[in-house]
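Engineer: CSV, C-alpha atoms and all ligand atoms, saved as my_file_14.csv, coming up:
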```
chain,number,residue,atom,x,y,z
A,1042,MET,CA,87.2,92.9,109.2
A,1043,SER,CA,90.0,92.5,106.8
A,1044,ARG,CA,89.8,90.0,103.9
A,1045,ALA,CA,92.7,87.7,103.0
A,1046,VAL,CA,94.0,88.7,99.6
A,1047,PRO,CA,97.2,86.7,99.3
A,1048,GLY,CA,97.7,87.2,95.5
A,1049,LEU,CA,97.2,90.9,95.8
A,1050,LEU,CA,99.5,91.4,98.8
A,1051,CYS,CA,102.0,89.2,97.1
A,1052,ALA,CA,102.1,91.5,94.1
A,1053,LEU,CA,102.4,94.6,96.3
A,1054,LEU,CA,105.1,93.2,98.5
A,1055,ALA,CA,107.1,91.8,95.6
A,1056,GLY,CA,108.9,95.0,95.0
A,1057,ALA,CA,110.2,95.0,98.6
A,1058,LEU,CA,110.8,91.3,99.0
A,1059,GLY,CA,112.2,90.6,95.6
A,1060,ALA,CA,110.2,87.5,95.0
A,1061,CYS,CA,106.8,86.1,95.7
A,1062,GLY,CA,105.2,82.7,95.4
A,1063,GLY,CA,108.4,81.1,94.2
A,1064,ASP,CA,110.4,82.1,91.2
A,1065,GLY,CA,109.1,82.1,87.6
A,1066,ASP,CA,106.6,84.9,87.8
A,1067,PRO,CA,108.6,87.9,86.3
A,1068,GLN,CA,105.6,90.2,86.3
A,1069,VAL,CA,105.0,89.9,90.0
A,1070,ALA,CA,108.7,90.1,90.7
A,1071,GLU,CA,109.0,93.3,88.7
A,1072,GLY,CA,106.2,94.9,90.6
A,1073,GLU,CA,105.2,96.7,87.4
A,1074,LEU,CA,102.9,95.9,84.5
A,1075,ALA,CA,105.0,94.5,81.6
A,1076,TRP,CA,103.7,96.7,78.7
A,1077,ARG,CA,105.3,95.8,75.4
A,1078,PRO,CA,105.4,98.4,72.5
A,1079,VAL,CA,103.4,97.3,69.5
A,1080,ALA,CA,103.3,100.2,67.0
A,1081,THR,CA,103.1,103.9,66.5
A,1082,LEU,CA,100.4,104.8,64.0
A,1083,ALA,CA,99.8,108.2,62.4
A,1084,PHE,CA,96.4,110.0,62.0
A,1085,ASP,CA,96.0,110.9,58.3
A,1086,PRO,CA,95.9,114.8,58.4
A,1087,ALA,CA,93.1,114.9,55.8
A,1088,THR,CA,90.8,112.3,57.5
A,1089,GLY,CA,92.0,112.0,61.1
A,1090,GLN,CA,92.1,108.2,60.7
A,1091,THR,CA,94.9,105.8,61.2
A,1092,PRO,CA,95.4,102.7,59.1
A,1093,LEU,CA,94.2,99.3,60.4
A,1094,LEU,CA,96.8,97.8,62.8
A,1095,PRO,CA,97.0,94.0,62.7
A,1096,LEU,CA,97.0,92.4,66.1
A,1097,ALA,CA,98.4,89.0,66.9
A,1098,ALA,CA,96.1,86.6,68.7
A,1099,GLY,CA,96.5,86.4,72.4
A,1100,GLU,CA,95.8,84.0,75.2
A,1101,GLY,CA,94.6,84.9,78.6
A,1102,ARG,CA,94.2,88.6,79.4
A,1103,VAL,CA,95.2,91.0,76.6
A,1104,THR,CA,95.1,94.8,77.1
A,1105,LEU,CA,96.1,97.6,74.8
A,1106,ARG,CA,97.3,100.9,76.1
A,1107,VAL,CA,96.9,103.7,73.6
A,1108,HIS,CA,98.5,107.2,73.7
A,1109,SER,CA,98.0,110.3,71.6
A,1110,GLU,CA,99.7,113.7,72.1
A,1111,PRO,CA,98.4,115.4,75.3
A,1112,GLY,CA,94.9,116.8,74.9
A,1113,VAL,CA,94.2,115.0,71.6
A,1114,CYS,CA,90.9,113.1,71.6
A,1115,PHE,CA,90.3,109.9,69.6
A,1116,GLN,CA,88.2,106.8,69.4
A,1117,VAL,CA,88.3,103.2,68.1
A,1118,ALA,CA,87.2,104.0,64.5
A,1119,ASP,CA,87.3,100.4,63.3
A,1120,ALA,CA,87.9,97.0,64.9
A,1121,ARG,CA,87.5,93.6,63.2
A,1122,ASP,CA,87.6,90.1,64.5
A,1123,GLY,CA,89.3,87.2,62.8
A,1124,ALA,CA,86.4,86.6,60.5
A,1125,GLY,CA,86.5,90.3,59.4
A,1126,GLN,CA,83.3,91.2,61.2
A,1127,ARG,CA,83.3,94.8,62.5
A,1128,LEU,CA,83.0,95.1,66.2
A,1129,ALA,CA,83.3,98.9,66.4
A,1130,GLU,CA,82.9,101.9,64.2
A,1131,PRO,CA,82.9,105.7,64.4
A,1132,PHE,CA,80.5,107.1,66.9
A,1133,THR,CA,79.4,110.6,67.9
A,1134,GLY,CA,78.9,110.5,71.6
A,1135,PRO,CA,81.1,109.7,74.7
A,1136,PHE,CA,80.9,106.0,73.8
A,1137,CYS,CA,79.6,103.7,71.1
A,1138,ALA,CA,76.2,102.5,72.2
A,1139,THR,CA,75.5,100.4,69.2
A,1140,CYS,CA,78.9,98.7,68.6
A,1141,ALA,CA,79.3,95.0,69.3
A,1142,TRP,CA,82.3,96.1,71.3
A,1143,ARG,CA,81.4,99.2,73.2
A,1144,THR,CA,84.3,101.6,73.6
A,1145,SER,CA,84.7,105.1,74.9
A,1146,ARG,CA,86.3,108.3,73.5
A,1147,VAL,CA,89.9,108.6,74.7
A,1148,ARG,CA,91.7,111.8,75.6
A,1149,THR,CA,95.5,111.6,75.7
A,1150,ALA,CA,95.6,107.9,76.8
A,1151,GLY,CA,93.4,105.0,77.7
A,1152,LEU,CA,93.2,101.2,78.1
A,1153,LEU,CA,91.3,98.8,75.8
A,1154,VAL,CA,90.7,95.5,77.5
A,1155,LEU,CA,90.2,92.8,74.8
A,1156,GLU,CA,87.6,90.7,76.6
A,1157,GLY,CA,84.4,88.9,75.4
A,1158,ARG,CA,83.8,89.5,71.7
A,1159,ALA,CA,86.9,91.8,71.5
A,1160,ALA,CA,89.1,88.8,72.6
A,1161,GLY,CA,89.2,87.7,69.0
A,1162,LEU,CA,90.2,91.2,67.7
A,1163,SER,CA,92.6,90.9,64.7
A,1164,GLN,CA,92.7,94.6,63.4
A,1165,ILE,CA,92.1,98.0,65.0
A,1166,ALA,CA,92.2,101.6,63.8
A,1167,PHE,CA,91.7,104.9,65.5
A,1168,GLY,CA,90.2,108.2,64.5
A,1169,ARG,CA,90.5,111.7,65.9
A,1170,VAL,CA,87.4,113.4,67.4
A,1171,ASN,CA,86.8,116.9,68.6
A,1172,CYS,CA,87.1,116.9,72.4
A,1173,GLN,CA,84.1,119.2,72.8
A,1174,THR,CA,81.6,118.0,70.2
A,1175,LEU,CA,83.0,114.4,70.2
A,1176,ARG,CA,82.5,114.3,66.4
A,1177,PRO,CA,85.1,112.8,64.1
A,1178,THR,CA,87.6,115.5,62.9
A,1179,ALA,CA,90.6,115.8,60.6
A,1180,GLY,CA,94.1,116.4,61.9
A,1181,PRO,CA,97.6,114.8,62.2
A,1182,GLY,CA,99.4,113.2,65.1
A,1183,PRO,CA,100.7,109.9,66.4
A,1184,VAL,CA,98.9,107.1,68.3
A,1185,THR,CA,101.3,104.8,70.2
A,1186,VAL,CA,100.0,101.3,71.1
A,1187,ALA,CA,101.4,99.1,73.8
A,1188,ARG,CA,100.2,95.7,74.8
A,1189,LEU,CA,100.0,93.6,78.0
A,1190,ASP,CA,99.6,89.8,77.7
A,1191,GLU,CA,98.9,88.0,81.0
A,1192,PRO,CA,97.5,84.8,82.2
A,1193,PRO,CA,93.8,84.9,83.3
A,1194,ALA,CA,93.4,86.5,86.8
A,1195,ALA,CA,94.1,84.0,89.6
A,1196,ALA,CA,91.1,82.9,91.7
A,1197,ASP,CA,92.3,85.1,94.6
A,1198,ALA,CA,93.1,88.1,92.4
A,1199,GLY,CA,91.6,91.4,93.6
A,1200,LEU,CA,91.7,95.1,93.7
A,1201,ALA,CA,94.3,97.3,95.5
A,1202,LEU,CA,92.9,100.7,96.3
A,1203,ARG,CA,94.5,103.9,97.6
A,1204,LEU,CA,91.9,105.8,99.6
A,1205,VAL,CA,92.3,109.5,99.2
A,1206,ALA,CA,89.7,111.1,101.5
A,1207,SER,CA,88.6,114.4,103.0
A,1208,ALA,CA,85.7,112.5,104.7
A,1209,GLU,CA,85.7,110.2,107.7
A,1210,VAL,CA,85.9,106.7,106.3
A,1211,ASP,CA,86.9,103.3,107.8
A,1212,PRO,CA,89.2,101.8,105.2
A,1213,GLU,CA,88.8,98.2,106.2
A,1214,ALA,CA,85.0,98.4,106.5
A,1215,LEU,CA,84.9,100.1,103.1
A,1216,ALA,CA,87.1,97.4,101.5
A,1217,ALA,CA,84.9,94.6,102.9
A,1218,ASP,CA,81.6,96.4,101.8
A,1219,VAL,CA,82.9,97.2,98.3
A,1220,SER,CA,84.1,93.6,97.9
A,1221,GLN,CA,80.6,92.4,98.8
A,1222,GLU,CA,79.0,94.8,96.3
A,1223,LEU,CA,81.5,93.5,93.6
A,1224,ALA,CA,80.3,89.9,93.8
A,1225,GLY,CA,83.0,88.9,96.3
A,1226,LEU,CA,86.0,90.3,94.3
A,1227,PRO,CA,88.8,90.7,96.9
A,1228,VAL,CA,89.4,94.4,97.7
A,1229,ALA,CA,92.2,95.8,99.9
A,1230,VAL,CA,92.9,99.4,100.8
A,1231,VAL,CA,96.7,99.4,100.7
A,1232,ALA,CA,97.3,103.1,101.5
A,1233,THR,CA,95.3,106.1,102.7
A,1234,LEU,CA,95.9,109.8,102.2
A,1235,ALA,CA,94.1,112.7,103.8
A,1236,ILE,CA,93.3,115.7,101.6
A,1237,PRO,CA,91.6,119.0,102.5
A,1238,ALA,CA,87.8,119.4,101.9
A,1239,GLN,CA,87.2,121.1,98.6
A,1240,ASP,CA,84.7,121.7,95.8
A,1241,LEU,CA,85.5,120.3,92.4
A,1242,PRO,CA,83.5,122.2,89.8
A,1243,LEU,CA,83.7,120.8,86.2
A,1244,GLU,CA,82.8,122.9,83.2
A,1245,GLY,CA,81.1,120.4,80.9
A,1246,ARG,CA,81.8,116.8,80.0
A,1247,ASP,CA,85.3,117.2,78.7
A,1248,ASP,CA,86.6,119.2,81.7
A,1249,ASP,CA,88.6,117.2,84.3
A,1250,ALA,CA,91.2,119.9,85.1
A,1251,ALA,CA,90.1,120.1,88.8
A,1252,LEU,CA,90.3,116.3,89.1
A,1253,ALA,CA,93.7,116.1,87.5
A,1254,ALA,CA,95.0,119.0,89.6
A,1255,LEU,CA,93.9,117.1,92.8
A,1256,LEU,CA,95.7,113.9,91.7
A,1257,ALA,CA,98.8,115.9,90.6
A,1258,ASP,CA,99.4,116.9,94.3
A,1259,LEU,CA,99.5,113.3,95.5
A,1260,PRO,CA,102.6,111.0,95.8
A,1261,PRO,CA,103.1,108.7,92.9
A,1262,ARG,CA,100.6,105.8,92.7
A,1263,PRO,CA,102.1,102.3,92.5
A,1264,ALA,CA,101.3,100.4,89.3
A,1265,GLY,CA,98.0,98.6,89.3
A,1266,VAL,CA,96.6,100.5,92.3
A,1267,ILE,CA,93.4,102.4,91.8
A,1268,ASP,CA,92.9,105.8,93.5
A,1269,VAL,CA,89.5,106.2,95.2
A,1270,VAL,CA,88.9,109.9,96.0
A,1271,VAL,CA,86.1,110.4,98.6
A,1272,GLY,CA,84.8,113.7,99.9
A,1273,PRO,CA,85.2,116.5,97.4
A,1274,CYS,CA,81.9,118.0,96.2
A,1275,LEU,CA,81.6,117.3,92.5
A,1276,THR,CA,79.5,119.5,90.3
A,1277,ARG,CA,79.3,119.6,86.5
A,1278,ALA,CA,77.9,122.4,84.4
A,1279,ASP,CA,75.9,121.3,81.3
A,1280,PRO,CA,73.4,123.0,79.0
A,1281,PHE,CA,70.6,122.4,81.6
A,1282,GLY,CA,72.4,123.9,84.6
A,1283,THR,CA,74.7,122.6,87.2
A,1284,GLN,CA,74.4,119.0,88.3
A,1285,ARG,CA,75.5,117.6,91.5
A,1286,LEU,CA,77.4,114.3,90.9
A,1287,ALA,CA,77.4,111.4,93.5
A,1288,GLY,CA,80.4,109.9,91.7
A,1289,LEU,CA,82.5,110.1,88.6
A,1290,THR,CA,84.9,107.9,86.7
A,1291,PRO,CA,86.4,109.9,83.8
A,1292,ARG,CA,86.8,107.0,81.4
A,1293,ILE,CA,85.5,103.5,80.9
A,1294,PRO,CA,87.6,101.6,81.5
A,1295,GLY,CA,90.1,103.5,83.6
A,1296,GLY,CA,93.8,102.8,84.0
A,1297,ALA,CA,95.5,105.4,81.9
A,1298,GLY,CA,95.1,109.0,80.9
A,1299,PRO,CA,94.3,112.2,82.8
A,1300,ALA,CA,92.3,112.3,86.0
A,1301,ASP,CA,92.7,108.5,86.3
A,1302,ALA,CA,90.8,107.7,89.5
A,1303,VAL,CA,87.4,107.0,90.9
A,1304,PHE,CA,85.8,110.1,92.5
A,1305,VAL,CA,82.9,110.0,95.0
A,1306,SER,CA,81.2,113.1,96.5
A,1307,ARG,CA,80.6,113.5,100.2
A,1308,GLN,CA,77.0,112.5,100.8
A,1309,THR,CA,76.0,115.9,102.3
A,1310,CYS,CA,77.3,117.9,99.3
A,1311,GLY,CA,74.8,120.6,98.3
A,1312,LEU,CA,72.2,119.4,100.9
A,1313,GLY,CA,70.7,121.8,103.4
A,1314,GLY,CA,73.5,124.3,102.8
A,1315,ALA,CA,76.1,121.7,103.9
A,1316,ALA,CA,79.6,122.5,102.7
A,1317,SER,CA,82.3,120.1,101.5
A,1318,ASP,CA,83.9,120.2,105.0
A,1319,ASP,CA,80.7,118.9,106.7
A,1320,PRO,CA,82.2,116.8,109.6
A,1321,ARG,CA,79.5,114.2,109.6
A,1322,PRO,CA,80.8,110.7,108.8
A,1323,GLU,CA,79.8,109.0,105.5
A,1324,ASP,CA,77.0,106.5,105.6
A,1325,PRO,CA,79.0,103.2,104.9
A,1326,THR,CA,76.3,101.5,102.9
A,1327,ARG,CA,75.8,104.4,100.5
A,1328,LEU,CA,79.5,105.0,100.2
A,1329,ALA,CA,80.3,101.3,99.4
A,1330,ARG,CA,77.6,101.2,96.8
A,1331,VAL,CA,78.7,104.3,95.0
A,1332,VAL,CA,82.4,103.4,95.2
A,1333,ALA,CA,81.6,99.9,93.9
A,1334,HIS,CA,79.5,101.3,91.0
A,1335,GLU,CA,82.3,103.7,90.0
A,1336,LEU,CA,84.9,100.9,90.3
A,1337,GLY,CA,82.6,98.9,88.0
A,1338,HIS,CA,83.0,101.7,85.4
A,1339,TYR,CA,86.7,101.8,86.0
A,1340,LEU,CA,87.0,98.1,85.3
A,1341,GLY,CA,85.0,98.4,82.0
A,1342,LEU,CA,81.3,98.1,82.9
A,1343,PHE,CA,78.7,100.4,81.4
A,1344,HIS,CA,75.3,101.1,82.8
A,1345,ALA,CA,72.8,98.3,82.4
A,1346,GLU,CA,70.6,100.8,80.6
A,1347,ASP,CA,71.2,104.4,80.0
A,1348,ALA,CA,68.7,107.3,80.1
A,1349,ASP,CA,68.4,107.2,76.3
A,1350,GLY,CA,67.5,103.5,76.4
A,1351,ALA,CA,70.9,102.2,75.2
A,1352,VAL,CA,71.9,99.0,76.9
A,1353,ASP,CA,75.4,97.7,77.5
A,1354,ASP,CA,77.2,95.2,75.2
A,1355,LEU,CA,77.0,92.2,77.5
A,1356,PRO,CA,74.5,89.4,77.0
A,1357,ASP,CA,73.1,88.9,80.5
A,1358,THR,CA,72.9,92.4,82.2
A,1359,THR,CA,69.6,92.8,84.0
A,1360,SER,CA,68.0,96.1,85.2
A,1361,GLU,CA,68.4,95.0,88.8
A,1362,ASN,CA,72.1,95.4,89.0
A,1363,LEU,CA,75.0,97.4,90.6
A,1364,MET,CA,75.4,99.0,87.2
A,1365,ASP,CA,71.9,100.5,87.2
A,1366,ARG,CA,72.4,104.2,86.3
A,1367,ALA,CA,70.9,105.0,89.7
A,1368,PRO,CA,73.1,102.8,91.9
A,1369,LEU,CA,71.5,103.9,95.2
A,1370,ARG,CA,68.2,102.2,94.2
A,1371,ALA,CA,67.4,99.4,96.6
A,1372,ASP,CA,67.5,96.7,93.9
A,1373,ALA,CA,70.7,98.0,92.3
A,1374,ARG,CA,72.7,95.0,93.7
A,1375,GLY,CA,74.7,92.3,92.2
A,1376,LEU,CA,76.6,91.5,89.0
A,1377,THR,CA,76.0,88.9,86.3
A,1378,PRO,CA,78.6,86.3,85.2
A,1379,ALA,CA,79.5,88.3,82.1
A,1380,GLN,CA,80.0,91.5,84.1
A,1381,VAL,CA,82.2,89.6,86.6
A,1382,ALA,CA,84.2,88.2,83.6
A,1383,ARG,CA,84.7,91.7,82.3
A,1384,LEU,CA,85.9,93.2,85.5
A,1385,ARG,CA,88.3,90.2,86.1
A,1386,ALA,CA,89.8,90.8,82.6
A,1387,HIS,CA,91.0,94.3,83.7
A,1388,PRO,CA,94.8,94.3,84.3
A,1389,PHE,CA,94.4,96.0,87.6
A,1390,VAL,CA,92.7,92.9,89.0
A,1391,ARG,CA,95.9,91.3,90.3
A,1401,ZN,ZN,77.4,105.1,86.6
```
With the file now loaded, output its structure as structure tokens.

Structural biologist:
Amino acid sequence: MSRAVPGLLCALLAGALGACGGDGDPQVAEGELAWRPVATLAFDPATGQTPLLPLAAGEGRVTLRVHSEPGVCFQVADARDGAGQRLAEPFTGPFCATCAWRTSRVRTAGLLVLEGRAAGLSQIAFGRVNCQTLRPTAGPGPVTVARLDEPPAAADAGLALRLVASAEVDPEALAADVSQELAGLPVAVVATLAIPAQDLPLEGRDDDAALAALLADLPPRPAGVIDVVVGPCLTRADPFGTQRLAGLTPRIPGGAGPADAVFVSRQTCGLGGAASDDPRPEDPTRLARVVAHELGHYLGLFHAEDADGAVDDLPDTTSENLMDRAPLRADARGLTPAQVARLRAHPFVR
């Protein structure tokens, strides 16, 4: 079954057809996201912090895209709303678990979607962190900030995926199943690419070299389309040994920076001696659930509750939810209104 996604197809066809849905929608007609440069800030070499950048109030969907020099890691070190209240502050892990606005460490580039409490953001500053220890560090360098202002997502807006697979997957069935898992958000697989079976070993939390190398071999991805890579066997070394990963999204939210895609392991990876080229087809239910969970991360959702007890920054997330940290649990279904609002604020929902 294929779902009707007129807004989405409109945006994707606009480049070829020159216009879509009448005139007067330049962002659709352009076929690209209309990022507007805002500022280039400098990390203070002695502290690794930038000054606070004032941000003009926005209406509708506002997203910041931030860039450092390649390989430089940084985080939101300060963020204040119009009343001067701090929404974010320096943190020492992969993300700020206690901030009113939960943000992640960024390496090279990332998106910041100004949604919910962050919609009223009036000032923001960044600070360098050590990519391995994730602790604040000194050092110079630029941070370039661009901004995208768009109207709220249309009612029929949805996700366009490029399915990159070494496993046997039915693209239309996957799109329909993922849409159902994502509370009915329209989902379309707009392109498919076959890749060889392979193992993708990652050396620790900061290593995404194998993921980036896989993506570098693919044709360029159209703006606003999310790559979903299904099939490679993902493993990650950590101090406790090597973990097998069911899925991985390198940054929350996704949309910029290295290894920018959703990755899902073949279900038979590491089981009974099965190799990454196991020819058995994927179980569609499991695949859809894991892909939808990883897309939830890509669109800005954190786990309802992490292993250390930290909960996300939304008011209504329950433990029986797609964003359970174990998404294959039987009751890991559904999304709350605040979660749906957050994913619809991501600029790739078009
Ligand atoms: Zn997860």

Engineer: Neighbours of range 1083-1094 of chain A within 9 Å (all atoms listed in the file; same-chain residues fewer than 2 positions away dropped), as a PyMOL selection string?

Structural biologist: chain A and resi 1080-1081+1096+1115+1118-1120+1163-1170+1177-1185

Engineer: Point out the residue among A:Thr1233, A:Gln1126, A:Thr1104, A:Thr1358 with the least atom-to-atom distance to Leu1155 in chain A, counting all atoms listed in the file.

Structural biologist: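 Going through A:Thr1233, A:Gln1126, A:Thr1104, A:Thr1358 one by one, the smallest distance to Leu1155 in chain A is for A:Thr1104.
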
Engineer: May I have the residues within 12 Å of Asp1122 in chain A as a PDB file with C-alpha atoms, keeping the file's coordinate frame, using all atoms listed in the file and disregarding those fewer than 4 positions away in the same chain?

Structural biologist:
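And here is the file that came out, out_0.pdb:
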```
ATOM      1  CA  PRO A1095      97.000  94.000  62.700  1.00  0.00           C
ATOM      2  CA  LEU A1096      97.000  92.400  66.100  1.00  0.00           C
ATOM      3  CA  ALA A1097      98.400  89.000  66.900  1.00  0.00           C
ATOM      4  CA  ALA A1098      96.100  86.600  68.700  1.00  0.00           C
ATOM      5  CA  GLN A1126      83.300  91.200  61.200  1.00  0.00           C
ATOM      6  CA  ARG A1127      83.300  94.800  62.500  1.00  0.00           C
ATOM      7  CA  LEU A1128      83.000  95.100  66.200  1.00  0.00           C
ATOM      8  CA  ALA A1129      83.300  98.900  66.400  1.00  0.00           C
ATOM      9  CA  ALA A1141      79.300  95.000  69.300  1.00  0.00           C
ATOM     10  CA  TRP A1142      82.300  96.100  71.300  1.00  0.00           C
ATOM     11  CA  LEU A1155      90.200  92.800  74.800  1.00  0.00           C
ATOM     12  CA  GLY A1157      84.400  88.900  75.400  1.00  0.00           C
ATOM     13  CA  ARG A1158      83.800  89.500  71.700  1.00  0.00           C
ATOM     14  CA  ALA A1159      86.900  91.800  71.500  1.00  0.00           C
ATOM     15  CA  ALA A1160      89.100  88.800  72.600  1.00  0.00           C
ATOM     16  CA  GLY A1161      89.200  87.700  69.000  1.00  0.00           C
ATOM     17  CA  LEU A1162      90.200  91.200  67.700  1.00  0.00           C
ATOM     18  CA  SER A1163      92.600  90.900  64.700  1.00  0.00           C
ATOM     19  CA  GLN A1164      92.700  94.600  63.400  1.00  0.00           C
ATOM     20  CA  ILE A1165      92.100  98.000  65.000  1.00  0.00           C
TER      21      ILE A1165
END
```

Engineer: Produce as a VMD selection string the set of residues near ligand ZN 1401 (chain A), where near means within 7 Å with all atoms listed in the file considered.

Structural biologist: chain A and resid 1334 to 1335 1338 1344 1364 1366

Engineer: I want to know what sits within 8 Å of range 1243-1257 of chain A, based on only C-alpha atoms, with residues of the same chain fewer than 4 positions away left out; could you give that as number ranges by chain?

Structural biologist: A: 1172-1173, 1275-1279, 1291, 1299-1301

Engineer: So which residues touch Ala1194 in chain A within 10 Å, counting only C-alpha atoms, skipping near sequence neighbours fewer than 4 positions away, as a list in words?

Structural biologist: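 Non-adjacent residues within range: Gly1048, Gly1101, Arg1102, Ala1198, Gly1199, Ala1382, Arg1385, Ala1386, His1387, Pro1388, Phe1389, Val1390 and Arg1391 of chain A.
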
Engineer: Some atoms are missing, so please complete range 1368-1387 of chain A with N, CA and C atoms and return it as a PDB file, in the frame of the given file.

Structural biologist:
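Result went into result-v1.pdb, see below:
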```pdb
ATOM      1  N   PRO A1368      72.619 103.950  91.120  1.00  0.00           N
ATOM      2  CA  PRO A1368      73.100 102.800  91.900  1.00  0.00           C
ATOM      3  C   PRO A1368      72.618 102.804  93.361  1.00  0.00           C
ATOM      4  N   LEU A1369      71.973 103.866  93.821  1.00  0.00           N
ATOM      5  CA  LEU A1369      71.500 103.900  95.200  1.00  0.00           C
ATOM      6  C   LEU A1369      70.060 103.288  95.288  1.00  0.00           C
ATOM      7  N   ARG A1370      69.457 102.914  94.147  1.00  0.00           N
ATOM      8  CA  ARG A1370      68.200 102.200  94.200  1.00  0.00           C
ATOM      9  C   ARG A1370      68.324 100.925  94.991  1.00  0.00           C
ATOM     10  N   ALA A1371      67.286 100.562  95.706  1.00  0.00           N
ATOM     11  CA  ALA A1371      67.400  99.400  96.600  1.00  0.00           C
ATOM     12  C   ALA A1371      67.747  98.124  95.847  1.00  0.00           C
ATOM     13  N   ASP A1372      67.247  97.968  94.606  1.00  0.00           N
ATOM     14  CA  ASP A1372      67.500  96.700  93.900  1.00  0.00           C
ATOM     15  C   ASP A1372      68.724  96.820  92.967  1.00  0.00           C
ATOM     16  N   ALA A1373      69.509  97.866  93.101  1.00  0.00           N
ATOM     17  CA  ALA A1373      70.700  98.000  92.300  1.00  0.00           C
ATOM     18  C   ALA A1373      71.846  97.204  92.993  1.00  0.00           C
ATOM     19  N   ARG A1374      71.706  95.906  92.969  1.00  0.00           N
ATOM     20  CA  ARG A1374      72.700  95.000  93.700  1.00  0.00           C
ATOM     21  C   ARG A1374      73.080  93.911  92.718  1.00  0.00           C
ATOM     22  N   GLY A1375      74.291  93.461  92.892  1.00  0.00           N
ATOM     23  CA  GLY A1375      74.700  92.300  92.200  1.00  0.00           C
ATOM     24  C   GLY A1375      75.311  92.501  90.837  1.00  0.00           C
ATOM     25  N   LEU A1376      76.027  91.504  90.333  1.00  0.00           N
ATOM     26  CA  LEU A1376      76.600  91.500  89.000  1.00  0.00           C
ATOM     27  C   LEU A1376      76.364  90.191  88.339  1.00  0.00           C
ATOM     28  N   THR A1377      76.255  90.187  87.014  1.00  0.00           N
ATOM     29  CA  THR A1377      76.000  88.900  86.300  1.00  0.00           C
ATOM     30  C   THR A1377      77.357  88.256  85.972  1.00  0.00           C
ATOM     31  N   PRO A1378      77.317  86.983  85.548  1.00  0.00           N
ATOM     32  CA  PRO A1378      78.600  86.300  85.200  1.00  0.00           C
ATOM     33  C   PRO A1378      79.378  87.047  84.127  1.00  0.00           C
ATOM     34  N   ALA A1379      78.720  87.597  83.109  1.00  0.00           N
ATOM     35  CA  ALA A1379      79.500  88.300  82.100  1.00  0.00           C
ATOM     36  C   ALA A1379      80.101  89.589  82.611  1.00  0.00           C
ATOM     37  N   GLN A1380      79.391  90.260  83.512  1.00  0.00           N
ATOM     38  CA  GLN A1380      80.000  91.500  84.100  1.00  0.00           C
ATOM     39  C   GLN A1380      81.199  91.099  84.971  1.00  0.00           C
ATOM     40  N   VAL A1381      81.095  90.010  85.737  1.00  0.00           N
ATOM     41  CA  VAL A1381      82.200  89.600  86.600  1.00  0.00           C
ATOM     42  C   VAL A1381      83.413  89.209  85.672  1.00  0.00           C
ATOM     43  N   ALA A1382      83.137  88.523  84.556  1.00  0.00           N
ATOM     44  CA  ALA A1382      84.200  88.200  83.600  1.00  0.00           C
ATOM     45  C   ALA A1382      84.900  89.399  83.101  1.00  0.00           C
ATOM     46  N   ARG A1383      84.117  90.428  82.780  1.00  0.00           N
ATOM     47  CA  ARG A1383      84.700  91.700  82.300  1.00  0.00           C
ATOM     48  C   ARG A1383      85.580  92.322  83.317  1.00  0.00           C
ATOM     49  N   LEU A1384      85.092  92.441  84.529  1.00  0.00           N
ATOM     50  CA  LEU A1384      85.900  93.200  85.500  1.00  0.00           C
ATOM     51  C   LEU A1384      87.174  92.354  85.863  1.00  0.00           C
ATOM     52  N   ARG A1385      87.100  91.014  85.824  1.00  0.00           N
ATOM     53  CA  ARG A1385      88.300  90.200  86.100  1.00  0.00           C
ATOM     54  C   ARG A1385      89.290  90.212  84.949  1.00  0.00           C
ATOM     55  N   ALA A1386      88.867  90.723  83.762  1.00  0.00           N
ATOM     56  CA  ALA A1386      89.800  90.800  82.600  1.00  0.00           C
ATOM     57  C   ALA A1386      90.653  92.086  82.721  1.00  0.00           C
ATOM     58  N   HIS A1387      90.257  93.057  83.556  1.00  0.00           N
ATOM     59  CA  HIS A1387      91.000  94.300  83.700  1.00  0.00           C
ATOM     60  C   HIS A1387      92.387  94.030  84.284  1.00  0.00           C
TER      61      HIS A1387
END
```
